[in-house]
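Heads up: the structure comes next, in structure tokens.
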Amino acid sequence: MDSSYAVGDLRVSDAEREPVIERLQDAYAEGRLDHEEFDLRMHLAMTAKTRNDLAALTRDLTPEPRLACKTAAWDGDPPTGEDRMLASAAHAIAVPTLFVGPLVLMLLSGKRSEYVRRQAAEAVNFQLTLLLVTIVTFGIGGVVYAVAWVLSAIAAVYALSGSIFRYPWILRLVK
């Protein structure tokens, strides 16, 4: 058996293709690839035979961000398990307590962890925005709270995975 193959000449599996496909999708979403080039690179990723073939597809793209940077800029250390749990709780507790629960978590645990503080502040801002919409529309905006439960659950899952979640279209009153 000849063991003189370089690592790049080894054949790839579907599991090795998945991160490359995800990186191409991210680059397309960021506007780094146009539609035709994205289609071409996706086809090449799906038919790549060796690691060198896959590496060539993302060589000219920016490096993939760290795990904690997936949805927003995060310069700190990756959050601990306790930080992720508290950040997730900040989003989840907002459903029954509106902005009060996340505000308490932000004030108590936010001093210890920047990650928890930022996620709790995001939950507070989201709930305050919903409250203002409800007040301005004389209660009709309360229908939006059904969507709020779904968004809070999604944000809790993001926070539990260690990613930053930012609610769309909200007023950022608390920094």
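Chain labels follow the order of the structure tokens: the first chain is A, the next B, and so on; residue numbering restarts at 1 in every chain, and ligands are counted from 1 in their shown order.
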| task | Could you give me the residues within chain A that DSSP places in helix (DSSP H, G or I), as a PyMOL selection string? | result | chain A and resi 7-9+14-30+35-47+51-58+67-69+81-92+94-97+100-109+114-136+140-160
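Nearest-residue note for A:Phe99: choosing from A:Thr80, A:Val150, A:Val174, A:Thr137, the minimum distance belongs to A:Val174, counting only C-alpha atoms.
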| field | Near-stretch 114-117 of chain A list (10 Å; only C-alpha atoms; drop same-chain fewer than 6 positions) as a list in words | value |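 So the residues in contact are Trp74, Gly76, Asp77, Pro78, Pro79, Thr80, Glu82, Asp83, Arg84, Met85, Leu86, Ala87, Ser88, Ala89, Ala90, Pro102, Leu103, Leu105, Met106, Leu107, Leu108, Ala123, Ala159, Gly162, Ser163, Ile164 and Lys175 of chain A.
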| said: Calculated over only C-alpha atoms, which of the candidates A:Glu36, A:Val147, A:Pro19, A:Gly101 has the smallest distance to A:Ala121? | reply: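 For A:Ala121, the nearest of the given residues is A:Gly101.
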| task | Mind giving me the straight-line distance from atom CA of A:Leu54 to atom CA of A:Arg41 in Å, one decimal? | result | 9.5 Å
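The space separating atom CA of A:Leu171 from atom CA of A:Leu128 comes to 8.0 Å.
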| query | What does the distance from atom CA of A:Phe138 to atom CA of A:Ile154 come to in Å, to one decimal? | reply |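 Computing it gives 27.6 Å between the two atoms.
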| field | Selection: 9 Å around stretch 141-145 of chain A, only C-alpha atoms, excl. self and same-chain fewer than 5 positions, as number ranges by chain | value | A: 95, 130-136, 150
With C-alpha atoms kept, could you save the residues just selected as a JSON list (two decimals), in the first residue's frame?
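Output (again_8.json):
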```
[["chain", "number", "residue", "atom", "x", "y", "z"],
["A", 95, "VAL", "CA", -42.67, 35.74, 27.74],
["A", 130, "LEU", "CA", -43.66, 45.49, 21.91],
["A", 131, "LEU", "CA", -45.10, 47.35, 24.88],
["A", 132, "LEU", "CA", -44.74, 50.70, 23.10],
["A", 133, "VAL", "CA", -46.40, 49.33, 19.95],
["A", 134, "THR", "CA", -49.29, 48.03, 22.05],
["A", 135, "ILE", "CA", -49.73, 51.38, 23.84],
["A", 136, "VAL", "CA", -49.48, 53.46, 20.65],
["A", 150, "VAL", "CA", -41.96, 32.43, 18.85]]
```
| said: Taking 6 positions as the minimum chain separation for residues in the same chain, which residues sit within 8 Å of stretch 21-30 of chain A when counting only C-alpha atoms? Answer as a PyMOL selection string. | reply: chain A and resi 38+41-42+45+58+61+64
Can you write just those residues out, C-alpha atoms, as a CSV table (one decimal), in the first residue's frame?
```csv
chain,number,residue,atom,x,y,z
A,38,PHE,CA,-22.8,30.6,-6.0
A,41,ARG,CA,-19.4,26.7,-6.5
A,42,MET,CA,-22.2,24.7,-5.0
A,45,ALA,CA,-18.6,21.4,-3.8
A,58,THR,CA,-13.5,28.9,-0.3
A,61,LEU,CA,-13.5,34.1,0.8
A,64,GLU,CA,-15.2,31.7,8.7
```
| query | Between A:Glu122, A:Leu173, A:Ala92, A:Val100, which one has atoms that come closest to A:Ala156, using only C-alpha atoms? | reply |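 Of all the options, A:Ala92 lies closest to A:Ala156.
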